[in-house]
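S.K.: Below is target-v7.txt; it holds compact mmCIF, N, CA and C atoms.
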# COMPACT_ATOMS: atom_id res chain seq x y z
N LEU A 1 -45.29 50.79 -3.64
CA LEU A 1 -45.19 51.86 -4.62
C LEU A 1 -44.57 51.27 -5.86
N TRP A 2 -45.34 51.10 -6.90
CA TRP A 2 -44.85 50.57 -8.16
C TRP A 2 -44.16 51.70 -8.90
N LEU A 3 -42.97 51.44 -9.42
CA LEU A 3 -42.15 52.46 -10.07
C LEU A 3 -42.36 52.53 -11.57
N GLY A 4 -43.31 51.76 -12.09
CA GLY A 4 -43.59 51.78 -13.52
C GLY A 4 -42.44 51.20 -14.31
N ASP A 5 -42.09 51.85 -15.40
CA ASP A 5 -41.00 51.38 -16.26
C ASP A 5 -39.63 51.82 -15.77
N ALA A 6 -39.59 52.60 -14.68
CA ALA A 6 -38.31 53.10 -14.17
C ALA A 6 -37.53 51.98 -13.49
N ASP A 7 -36.22 52.02 -13.61
CA ASP A 7 -35.33 51.06 -12.98
C ASP A 7 -34.59 51.76 -11.85
N LEU A 8 -34.71 51.24 -10.64
CA LEU A 8 -34.10 51.84 -9.46
C LEU A 8 -32.96 50.97 -8.96
N GLN A 9 -31.79 51.56 -8.78
CA GLN A 9 -30.62 50.84 -8.26
C GLN A 9 -30.49 50.98 -6.75
N SER A 10 -30.75 52.16 -6.22
CA SER A 10 -30.64 52.39 -4.77
C SER A 10 -31.45 53.62 -4.39
N VAL A 11 -31.81 53.71 -3.11
CA VAL A 11 -32.58 54.85 -2.60
C VAL A 11 -31.68 55.66 -1.67
N ASP A 12 -31.60 56.97 -1.94
CA ASP A 12 -30.90 57.88 -1.03
C ASP A 12 -31.85 58.40 0.03
N SER A 13 -33.07 58.74 -0.39
CA SER A 13 -34.10 59.17 0.57
C SER A 13 -35.48 58.89 -0.02
N LEU A 14 -36.42 58.61 0.90
CA LEU A 14 -37.81 58.34 0.53
C LEU A 14 -38.69 59.24 1.39
N THR A 15 -39.45 60.12 0.73
CA THR A 15 -40.29 61.07 1.44
C THR A 15 -41.75 60.76 1.17
N ASN A 16 -42.52 60.63 2.24
CA ASN A 16 -43.94 60.33 2.14
C ASN A 16 -44.68 61.52 1.54
N GLY A 17 -45.92 61.33 1.17
CA GLY A 17 -46.73 62.38 0.57
C GLY A 17 -47.05 63.52 1.51
N ASN A 18 -46.79 63.35 2.82
CA ASN A 18 -47.01 64.41 3.79
C ASN A 18 -45.69 65.04 4.25
N ASP A 19 -44.63 64.89 3.46
CA ASP A 19 -43.29 65.45 3.69
C ASP A 19 -42.53 64.80 4.84
N GLU A 20 -42.96 63.65 5.33
CA GLU A 20 -42.21 62.93 6.36
C GLU A 20 -41.25 61.95 5.68
N THR A 21 -40.02 61.90 6.17
CA THR A 21 -39.04 60.99 5.62
C THR A 21 -39.29 59.58 6.17
N ILE A 22 -39.23 58.60 5.29
CA ILE A 22 -39.39 57.20 5.68
C ILE A 22 -38.00 56.60 5.82
N SER A 23 -37.72 56.03 6.98
CA SER A 23 -36.40 55.44 7.25
C SER A 23 -36.16 54.24 6.35
N SER A 24 -34.90 54.00 6.00
CA SER A 24 -34.56 52.87 5.12
C SER A 24 -34.89 51.53 5.76
N GLY A 25 -35.02 51.48 7.06
CA GLY A 25 -35.40 50.24 7.74
C GLY A 25 -36.89 49.98 7.74
N ASP A 26 -37.67 50.90 7.17
CA ASP A 26 -39.13 50.77 7.17
C ASP A 26 -39.72 50.33 5.84
N TYR A 27 -38.86 49.96 4.90
CA TYR A 27 -39.36 49.50 3.59
C TYR A 27 -38.39 48.49 2.99
N TRP A 28 -38.89 47.77 2.00
CA TRP A 28 -38.07 46.84 1.22
C TRP A 28 -38.08 47.29 -0.23
N LEU A 29 -36.97 47.08 -0.90
CA LEU A 29 -36.90 47.28 -2.34
C LEU A 29 -37.15 45.93 -2.99
N GLU A 30 -38.04 45.91 -3.96
CA GLU A 30 -38.45 44.65 -4.58
C GLU A 30 -38.16 44.67 -6.08
N PRO A 31 -37.88 43.54 -6.71
CA PRO A 31 -37.74 42.22 -6.10
C PRO A 31 -36.47 42.17 -5.25
N ARG A 32 -36.57 41.51 -4.15
CA ARG A 32 -35.46 41.46 -3.20
C ARG A 32 -34.24 40.80 -3.82
N ASN A 33 -33.09 41.37 -3.53
CA ASN A 33 -31.80 40.83 -3.96
C ASN A 33 -31.64 40.74 -5.47
N LYS A 34 -32.39 41.55 -6.22
CA LYS A 34 -32.26 41.52 -7.69
C LYS A 34 -32.50 42.92 -8.23
N LYS A 35 -31.44 43.53 -8.68
CA LYS A 35 -31.56 44.87 -9.28
C LYS A 35 -31.82 44.73 -10.76
N PRO A 36 -32.49 45.67 -11.37
CA PRO A 36 -33.03 46.89 -10.81
C PRO A 36 -34.34 46.62 -10.06
N TYR A 37 -34.61 47.49 -9.09
CA TYR A 37 -35.83 47.35 -8.30
C TYR A 37 -37.00 47.97 -9.05
N LYS A 38 -38.17 47.35 -8.89
CA LYS A 38 -39.36 47.79 -9.63
C LYS A 38 -40.43 48.40 -8.72
N TYR A 39 -40.36 48.13 -7.41
CA TYR A 39 -41.31 48.76 -6.50
C TYR A 39 -40.76 48.79 -5.08
N ILE A 40 -41.40 49.63 -4.26
CA ILE A 40 -41.01 49.80 -2.87
C ILE A 40 -42.19 49.34 -2.02
N ARG A 41 -41.90 48.41 -1.10
CA ARG A 41 -42.97 47.88 -0.24
C ARG A 41 -42.69 48.29 1.19
N LEU A 42 -43.67 48.95 1.81
CA LEU A 42 -43.53 49.36 3.21
C LEU A 42 -43.71 48.17 4.13
N LYS A 43 -43.01 48.18 5.26
CA LYS A 43 -43.20 47.15 6.27
C LYS A 43 -44.55 47.39 6.93
N SER A 44 -45.07 46.39 7.62
CA SER A 44 -46.45 46.43 8.13
C SER A 44 -46.70 47.56 9.12
N ALA A 45 -45.69 48.06 9.82
CA ALA A 45 -45.89 49.14 10.79
C ALA A 45 -45.97 50.52 10.13
N GLU A 46 -45.68 50.59 8.84
CA GLU A 46 -45.67 51.86 8.13
C GLU A 46 -46.86 51.98 7.19
N ALA A 47 -47.15 53.22 6.76
CA ALA A 47 -48.24 53.46 5.80
C ALA A 47 -47.89 54.70 4.98
N TRP A 48 -48.35 54.72 3.74
CA TRP A 48 -48.19 55.91 2.92
C TRP A 48 -49.10 56.99 3.47
N GLY A 49 -48.64 58.22 3.53
CA GLY A 49 -49.46 59.33 4.01
C GLY A 49 -49.45 60.45 2.99
N PHE A 50 -50.61 61.08 2.84
CA PHE A 50 -50.73 62.15 1.85
C PHE A 50 -51.45 63.35 2.44
N ASP A 51 -50.90 64.54 2.22
CA ASP A 51 -51.65 65.77 2.42
C ASP A 51 -52.26 66.11 1.08
N THR A 52 -53.12 67.08 1.05
CA THR A 52 -53.69 67.50 -0.22
C THR A 52 -52.56 67.88 -1.17
N ASP A 53 -52.60 67.33 -2.35
CA ASP A 53 -51.60 67.56 -3.40
C ASP A 53 -50.20 67.06 -3.03
N GLY A 54 -50.10 66.18 -2.04
CA GLY A 54 -48.80 65.63 -1.66
C GLY A 54 -48.37 64.53 -2.62
N GLU A 55 -47.09 64.38 -2.79
CA GLU A 55 -46.55 63.34 -3.65
C GLU A 55 -45.41 62.63 -2.95
N ILE A 56 -45.24 61.36 -3.26
CA ILE A 56 -44.13 60.59 -2.73
C ILE A 56 -42.89 60.93 -3.55
N GLU A 57 -41.78 61.13 -2.86
CA GLU A 57 -40.54 61.50 -3.54
C GLU A 57 -39.48 60.44 -3.28
N VAL A 58 -38.93 59.92 -4.36
CA VAL A 58 -37.87 58.92 -4.27
C VAL A 58 -36.61 59.54 -4.87
N GLU A 59 -35.58 59.70 -4.04
CA GLU A 59 -34.29 60.17 -4.53
C GLU A 59 -33.33 58.99 -4.48
N GLY A 60 -32.63 58.76 -5.56
CA GLY A 60 -31.72 57.63 -5.59
C GLY A 60 -30.98 57.52 -6.90
N THR A 61 -30.41 56.36 -7.12
CA THR A 61 -29.70 56.07 -8.37
C THR A 61 -30.64 55.31 -9.28
N TRP A 62 -30.89 55.85 -10.46
CA TRP A 62 -31.84 55.27 -11.41
C TRP A 62 -31.09 54.74 -12.61
N GLY A 63 -31.56 53.64 -13.17
CA GLY A 63 -30.98 53.05 -14.36
C GLY A 63 -30.97 51.55 -14.24
N PHE A 64 -30.82 50.88 -15.38
CA PHE A 64 -30.86 49.42 -15.37
C PHE A 64 -29.66 48.84 -14.65
N SER A 65 -28.51 49.49 -14.77
CA SER A 65 -27.30 48.97 -14.15
C SER A 65 -26.32 50.10 -13.90
N THR A 66 -25.45 49.92 -12.91
CA THR A 66 -24.41 50.90 -12.66
C THR A 66 -23.05 50.40 -13.13
N ALA A 67 -23.00 49.18 -13.63
CA ALA A 67 -21.75 48.59 -14.13
C ALA A 67 -22.05 47.78 -15.39
N SER A 68 -21.03 47.55 -16.16
CA SER A 68 -21.19 46.75 -17.38
C SER A 68 -21.33 45.27 -17.03
N ASP A 69 -22.39 44.66 -17.50
CA ASP A 69 -22.60 43.23 -17.28
C ASP A 69 -21.72 42.45 -18.25
N PRO A 70 -21.01 41.41 -17.76
CA PRO A 70 -20.12 40.65 -18.65
C PRO A 70 -20.83 40.03 -19.85
N THR A 71 -22.09 39.60 -19.68
CA THR A 71 -22.83 39.03 -20.80
C THR A 71 -23.04 40.07 -21.90
N ILE A 72 -23.43 41.27 -21.49
CA ILE A 72 -23.65 42.34 -22.47
C ILE A 72 -22.34 42.71 -23.16
N VAL A 73 -21.27 42.82 -22.39
CA VAL A 73 -19.96 43.16 -22.97
C VAL A 73 -19.57 42.12 -24.02
N ASN A 74 -19.72 40.84 -23.70
CA ASN A 74 -19.37 39.79 -24.65
C ASN A 74 -20.26 39.81 -25.88
N CYS A 75 -21.55 40.04 -25.69
CA CYS A 75 -22.47 40.09 -26.83
C CYS A 75 -22.13 41.26 -27.76
N VAL A 76 -21.78 42.41 -27.18
CA VAL A 76 -21.41 43.56 -28.00
C VAL A 76 -20.14 43.26 -28.79
N LYS A 77 -19.16 42.61 -28.15
CA LYS A 77 -17.92 42.26 -28.86
C LYS A 77 -18.19 41.27 -29.99
N GLU A 78 -19.02 40.26 -29.72
CA GLU A 78 -19.35 39.26 -30.74
C GLU A 78 -20.07 39.91 -31.92
N LEU A 79 -21.03 40.79 -31.62
CA LEU A 79 -21.79 41.45 -32.69
C LEU A 79 -20.89 42.39 -33.49
N ALA A 80 -19.98 43.12 -32.81
CA ALA A 80 -19.05 44.01 -33.51
C ALA A 80 -18.13 43.21 -34.43
N LYS A 81 -17.62 42.08 -33.94
CA LYS A 81 -16.74 41.23 -34.76
C LYS A 81 -17.49 40.69 -35.97
N TYR A 82 -18.71 40.21 -35.73
CA TYR A 82 -19.54 39.68 -36.83
C TYR A 82 -19.79 40.76 -37.87
N THR A 83 -20.18 41.94 -37.41
CA THR A 83 -20.48 43.04 -38.33
C THR A 83 -19.23 43.47 -39.09
N TYR A 84 -18.09 43.55 -38.41
CA TYR A 84 -16.84 43.92 -39.08
C TYR A 84 -16.46 42.89 -40.15
N ASN A 85 -16.60 41.61 -39.84
CA ASN A 85 -16.22 40.56 -40.78
C ASN A 85 -17.15 40.49 -41.99
N LEU A 86 -18.33 41.07 -41.90
CA LEU A 86 -19.24 41.07 -43.05
C LEU A 86 -18.69 41.86 -44.22
N LYS A 87 -17.76 42.77 -43.98
CA LYS A 87 -17.18 43.55 -45.07
C LYS A 87 -16.43 42.66 -46.06
N ASP A 88 -15.96 41.50 -45.58
CA ASP A 88 -15.21 40.57 -46.43
C ASP A 88 -16.12 39.57 -47.14
N ALA A 89 -17.39 39.53 -46.77
CA ALA A 89 -18.31 38.57 -47.37
C ALA A 89 -18.75 39.05 -48.76
N GLN A 90 -18.70 38.19 -49.72
CA GLN A 90 -19.12 38.53 -51.08
C GLN A 90 -20.64 38.67 -51.17
N THR A 91 -21.33 37.92 -50.34
CA THR A 91 -22.79 37.91 -50.41
C THR A 91 -23.37 38.53 -49.15
N TYR A 92 -22.93 39.73 -48.83
CA TYR A 92 -23.37 40.43 -47.63
C TYR A 92 -24.89 40.58 -47.60
N ASP A 93 -25.47 40.12 -46.52
CA ASP A 93 -26.91 40.30 -46.26
C ASP A 93 -27.79 39.78 -47.39
N VAL A 94 -27.43 38.61 -47.94
CA VAL A 94 -28.18 38.02 -49.05
C VAL A 94 -28.77 36.70 -48.60
N THR A 95 -30.03 36.48 -48.91
CA THR A 95 -30.66 35.20 -48.66
C THR A 95 -30.71 34.44 -49.97
N VAL A 96 -30.23 33.21 -49.94
CA VAL A 96 -30.19 32.40 -51.16
C VAL A 96 -30.90 31.08 -50.91
N MET A 97 -30.95 30.22 -51.92
CA MET A 97 -31.65 28.94 -51.85
C MET A 97 -30.65 27.82 -51.54
N PRO A 98 -30.56 27.34 -50.31
CA PRO A 98 -29.60 26.28 -49.99
C PRO A 98 -29.94 24.95 -50.67
N ASP A 99 -31.22 24.70 -50.98
CA ASP A 99 -31.58 23.44 -51.64
C ASP A 99 -31.08 23.39 -53.09
N LEU A 100 -30.66 24.53 -53.62
CA LEU A 100 -30.07 24.58 -54.95
C LEU A 100 -28.54 24.50 -54.89
N GLY A 101 -28.02 24.29 -53.68
CA GLY A 101 -26.58 24.17 -53.52
C GLY A 101 -25.87 25.49 -53.33
N GLN A 102 -26.61 26.54 -53.05
CA GLN A 102 -26.00 27.85 -52.85
C GLN A 102 -25.81 28.11 -51.36
N MET A 103 -24.79 28.90 -51.03
CA MET A 103 -24.50 29.22 -49.64
C MET A 103 -25.51 30.22 -49.12
N SER A 104 -25.86 30.09 -47.83
CA SER A 104 -26.79 31.00 -47.19
C SER A 104 -26.06 31.80 -46.13
N ILE A 105 -26.16 33.10 -46.18
CA ILE A 105 -25.58 34.00 -45.18
C ILE A 105 -26.75 34.53 -44.35
N PRO A 106 -26.79 34.23 -43.05
CA PRO A 106 -27.92 34.69 -42.24
C PRO A 106 -27.92 36.21 -42.09
N LYS A 107 -29.11 36.77 -42.06
CA LYS A 107 -29.26 38.21 -41.88
C LYS A 107 -29.25 38.53 -40.39
N GLY A 108 -28.85 39.72 -40.05
CA GLY A 108 -28.93 40.19 -38.67
C GLY A 108 -27.84 39.68 -37.77
N MET A 109 -28.12 39.74 -36.48
CA MET A 109 -27.12 39.32 -35.50
C MET A 109 -27.04 37.81 -35.40
N PRO A 110 -25.88 37.29 -35.01
CA PRO A 110 -25.72 35.84 -34.89
C PRO A 110 -26.68 35.24 -33.85
N GLN A 111 -27.11 34.03 -34.10
CA GLN A 111 -28.09 33.38 -33.24
C GLN A 111 -27.59 33.23 -31.79
N HIS A 112 -26.29 32.92 -31.61
CA HIS A 112 -25.79 32.73 -30.25
C HIS A 112 -25.83 34.04 -29.45
N VAL A 113 -25.74 35.18 -30.10
CA VAL A 113 -25.86 36.46 -29.41
C VAL A 113 -27.31 36.68 -28.99
N LYS A 114 -28.26 36.38 -29.88
CA LYS A 114 -29.68 36.49 -29.54
C LYS A 114 -30.03 35.61 -28.35
N VAL A 115 -29.55 34.37 -28.37
CA VAL A 115 -29.85 33.42 -27.30
C VAL A 115 -29.27 33.91 -25.97
N ALA A 116 -28.03 34.41 -25.98
CA ALA A 116 -27.40 34.89 -24.75
C ALA A 116 -28.17 36.06 -24.15
N LEU A 117 -28.64 36.98 -25.01
CA LEU A 117 -29.41 38.12 -24.53
C LEU A 117 -30.76 37.70 -23.96
N GLN A 118 -31.42 36.77 -24.63
CA GLN A 118 -32.71 36.30 -24.13
C GLN A 118 -32.55 35.50 -22.85
N LYS A 119 -31.54 34.64 -22.80
CA LYS A 119 -31.29 33.80 -21.63
C LYS A 119 -30.97 34.65 -20.41
N GLY A 120 -30.24 35.73 -20.60
CA GLY A 120 -29.89 36.62 -19.50
C GLY A 120 -31.01 37.52 -19.07
N GLY A 121 -32.13 37.50 -19.80
CA GLY A 121 -33.27 38.33 -19.44
C GLY A 121 -33.15 39.78 -19.88
N TYR A 122 -32.24 40.05 -20.82
CA TYR A 122 -32.03 41.42 -21.27
C TYR A 122 -33.05 41.86 -22.29
N VAL A 123 -33.68 40.89 -22.95
CA VAL A 123 -34.75 41.19 -23.89
C VAL A 123 -35.88 40.18 -23.65
N ARG A 124 -37.10 40.63 -23.79
CA ARG A 124 -38.22 39.72 -23.58
C ARG A 124 -38.48 38.88 -24.83
N SER A 125 -38.43 39.52 -25.98
CA SER A 125 -38.58 38.79 -27.24
C SER A 125 -37.88 39.61 -28.31
N MET A 126 -37.39 38.92 -29.29
CA MET A 126 -36.69 39.60 -30.37
C MET A 126 -37.34 39.24 -31.68
N GLY A 127 -37.62 40.24 -32.47
CA GLY A 127 -38.20 39.99 -33.78
C GLY A 127 -37.14 39.49 -34.73
N VAL A 128 -37.45 39.47 -35.99
CA VAL A 128 -36.51 39.03 -37.01
C VAL A 128 -35.55 40.17 -37.29
N TYR A 129 -34.27 39.90 -37.18
CA TYR A 129 -33.23 40.91 -37.44
C TYR A 129 -32.36 40.48 -38.58
I need this file expressed as structure tokens, please.

M.R.:
Amino acid sequence: LWLGDADLQSVDSLTNGNDETISSGDYWLEPRNKKPYKYIRLKSAEAWGFDTDGEIEVEGTWGFSTASDPTIVNCVKELAKYTYNLKDAQTYDVTVMPDLGQMSIPKGMPQHVKVALQKGGYVRSMGVY
């Protein structure tokens, strides 16, 4: 059962399309050992069952995370510090010509924050910020 764009942290109950409860020992949450889960795979002895107009019901904890990830916390602190310190910059958010001997202030978030977010898998790709 592919969960689409939804992020699943845990399952409280799983009900088949014919209103039968599926035991937690009869399925795996995938990808294994890596939250959030993206799909539910039944073990070989089990099968999805449907009555007319029946739907599978998944009750559980939904969301990307239930706790603050240290990488995200650090990136938020770094970005907040960078943004706060921009108030003291004379050339806030200005692109200049370094080959003419002028200082260049990069726009957007610091590169090390972008790299940490990408490396941790929190973003797939980041445009120009």

S.K.: Taking only C-alpha atoms into account, which of A:Phe50, A:Tyr122, A:Tyr82, A:Trp62 comes nearest A:Gln9?

M.R.: A:Trp62

S.K.: With all atoms listed in the file as the atoms that count, which of A:Thr71, A:Gln111, A:Thr61, A:Asn85 lies nearest to A:Leu8?

M.R.: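 Closest candidate: A:Thr61.
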
S.K.: One number please: atom CA of A:Lys77 to atom C of A:Lys35, in Å, one decimal.

M.R.: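 Between atom CA of A:Lys77 and atom C of A:Lys35 the gap works out to 23.0 Å.
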
S.K.: To one decimal place, how far is atom CA of A:Thr83 from atom CA of A:Pro110 in Å?

M.R.: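 That distance, rounded to one decimal, is 9.5 Å.
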
S.K.: Would you mind completing stretch 77-88 of chain A to all heavy atoms and writing the output as a JSON list (two decimals), keeping the file's coordinate frame?

M.R.:
[["chain", "number", "residue", "atom", "x", "y", "z"],
["A", 77, "LYS", "N", -19.16, 42.61, -28.15],
["A", 77, "LYS", "CA", -17.92, 42.26, -28.86],
["A", 77, "LYS", "C", -18.19, 41.27, -29.99],
["A", 77, "LYS", "O", -17.66, 41.42, -31.09],
["A", 77, "LYS", "CB", -16.92, 41.65, -27.88],
["A", 77, "LYS", "CG", -16.30, 42.65, -26.94],
["A", 77, "LYS", "CD", -15.34, 41.96, -25.98],
["A", 77, "LYS", "CE", -14.72, 42.93, -25.01],
["A", 77, "LYS", "NZ", -13.81, 42.26, -24.06],
["A", 78, "GLU", "N", -19.02, 40.26, -29.72],
["A", 78, "GLU", "CA", -19.35, 39.26, -30.74],
["A", 78, "GLU", "C", -20.07, 39.91, -31.92],
["A", 78, "GLU", "O", -19.78, 39.61, -33.08],
["A", 78, "GLU", "CB", -20.23, 38.16, -30.15],
["A", 78, "GLU", "CG", -19.51, 37.21, -29.25],
["A", 78, "GLU", "CD", -18.63, 36.24, -30.00],
["A", 78, "GLU", "OE1", -18.93, 35.93, -31.17],
["A", 78, "GLU", "OE2", -17.64, 35.80, -29.42],
["A", 79, "LEU", "N", -21.03, 40.79, -31.62],
["A", 79, "LEU", "CA", -21.79, 41.45, -32.69],
["A", 79, "LEU", "C", -20.89, 42.39, -33.49],
["A", 79, "LEU", "O", -20.98, 42.46, -34.72],
["A", 79, "LEU", "CB", -22.98, 42.21, -32.11],
["A", 79, "LEU", "CG", -23.92, 42.85, -33.12],
["A", 79, "LEU", "CD1", -24.47, 41.82, -34.10],
["A", 79, "LEU", "CD2", -25.06, 43.55, -32.40],
["A", 80, "ALA", "N", -19.98, 43.12, -32.81],
["A", 80, "ALA", "CA", -19.05, 44.01, -33.51],
["A", 80, "ALA", "C", -18.13, 43.21, -34.43],
["A", 80, "ALA", "O", -17.89, 43.60, -35.58],
["A", 80, "ALA", "CB", -18.24, 44.82, -32.51],
["A", 81, "LYS", "N", -17.62, 42.08, -33.94],
["A", 81, "LYS", "CA", -16.74, 41.23, -34.76],
["A", 81, "LYS", "C", -17.49, 40.69, -35.97],
["A", 81, "LYS", "O", -16.99, 40.72, -37.09],
["A", 81, "LYS", "CB", -16.21, 40.07, -33.92],
["A", 81, "LYS", "CG", -15.32, 39.12, -34.67],
["A", 81, "LYS", "CD", -14.89, 37.97, -33.79],
["A", 81, "LYS", "CE", -14.11, 36.96, -34.62],
["A", 81, "LYS", "NZ", -13.83, 35.74, -33.88],
["A", 82, "TYR", "N", -18.71, 40.21, -35.73],
["A", 82, "TYR", "CA", -19.54, 39.68, -36.83],
["A", 82, "TYR", "C", -19.79, 40.76, -37.87],
["A", 82, "TYR", "O", -19.62, 40.54, -39.07],
["A", 82, "TYR", "CB", -20.86, 39.16, -36.25],
["A", 82, "TYR", "CG", -21.85, 38.72, -37.29],
["A", 82, "TYR", "CD1", -21.75, 37.49, -37.91],
["A", 82, "TYR", "CD2", -22.91, 39.56, -37.66],
["A", 82, "TYR", "CE1", -22.67, 37.08, -38.87],
["A", 82, "TYR", "CE2", -23.83, 39.16, -38.61],
["A", 82, "TYR", "CZ", -23.71, 37.93, -39.21],
["A", 82, "TYR", "OH", -24.61, 37.54, -40.16],
["A", 83, "THR", "N", -20.18, 41.94, -37.41],
["A", 83, "THR", "CA", -20.48, 43.04, -38.33],
["A", 83, "THR", "C", -19.23, 43.47, -39.09],
["A", 83, "THR", "O", -19.27, 43.71, -40.30],
["A", 83, "THR", "CB", -21.06, 44.24, -37.56],
["A", 83, "THR", "OG1", -22.22, 43.79, -36.84],
["A", 83, "THR", "CG2", -21.47, 45.36, -38.49],
["A", 84, "TYR", "N", -18.09, 43.55, -38.41],
["A", 84, "TYR", "CA", -16.84, 43.92, -39.08],
["A", 84, "TYR", "C", -16.46, 42.89, -40.15],
["A", 84, "TYR", "O", -16.05, 43.25, -41.24],
["A", 84, "TYR", "CB", -15.71, 44.06, -38.05],
["A", 84, "TYR", "CG", -14.39, 44.42, -38.67],
["A", 84, "TYR", "CD1", -14.13, 45.73, -39.07],
["A", 84, "TYR", "CD2", -13.41, 43.46, -38.88],
["A", 84, "TYR", "CE1", -12.92, 46.06, -39.66],
["A", 84, "TYR", "CE2", -12.20, 43.78, -39.48],
["A", 84, "TYR", "CZ", -11.96, 45.09, -39.85],
["A", 84, "TYR", "OH", -10.77, 45.41, -40.45],
["A", 85, "ASN", "N", -16.60, 41.61, -39.84],
["A", 85, "ASN", "CA", -16.22, 40.56, -40.78],
["A", 85, "ASN", "C", -17.15, 40.49, -41.99],
["A", 85, "ASN", "O", -16.77, 39.92, -43.03],
["A", 85, "ASN", "CB", -16.16, 39.21, -40.09],
["A", 85, "ASN", "CG", -14.96, 39.10, -39.16],
["A", 85, "ASN", "OD1", -13.98, 39.82, -39.32],
["A", 85, "ASN", "ND2", -15.05, 38.22, -38.19],
["A", 86, "LEU", "N", -18.33, 41.07, -41.90],
["A", 86, "LEU", "CA", -19.24, 41.07, -43.05],
["A", 86, "LEU", "C", -18.69, 41.86, -44.22],
["A", 86, "LEU", "O", -19.07, 41.63, -45.37],
["A", 86, "LEU", "CB", -20.62, 41.63, -42.65],
["A", 86, "LEU", "CG", -21.52, 40.68, -41.87],
["A", 86, "LEU", "CD1", -22.81, 41.39, -41.48],
["A", 86, "LEU", "CD2", -21.84, 39.44, -42.69],
["A", 87, "LYS", "N", -17.76, 42.77, -43.98],
["A", 87, "LYS", "CA", -17.18, 43.55, -45.07],
["A", 87, "LYS", "C", -16.43, 42.66, -46.06],
["A", 87, "LYS", "O", -16.31, 43.00, -47.22],
["A", 87, "LYS", "CB", -16.24, 44.63, -44.53],
["A", 87, "LYS", "CG", -14.97, 44.08, -43.92],
["A", 87, "LYS", "CD", -14.05, 45.18, -43.46],
["A", 87, "LYS", "CE", -12.77, 44.68, -42.87],
["A", 87, "LYS", "NZ", -12.14, 43.51, -43.37],
["A", 88, "ASP", "N", -15.96, 41.50, -45.58],
["A", 88, "ASP", "CA", -15.21, 40.57, -46.43],
["A", 88, "ASP", "C", -16.12, 39.57, -47.14],
["A", 88, "ASP", "O", -15.66, 38.83, -48.01],
["A", 88, "ASP", "CB", -14.17, 39.81, -45.61],
["A", 88, "ASP", "CG", -13.13, 40.74, -45.01],
["A", 88, "ASP", "OD1", -12.82, 41.77, -45.65],
["A", 88, "ASP", "OD2", -12.64, 40.44, -43.91]]
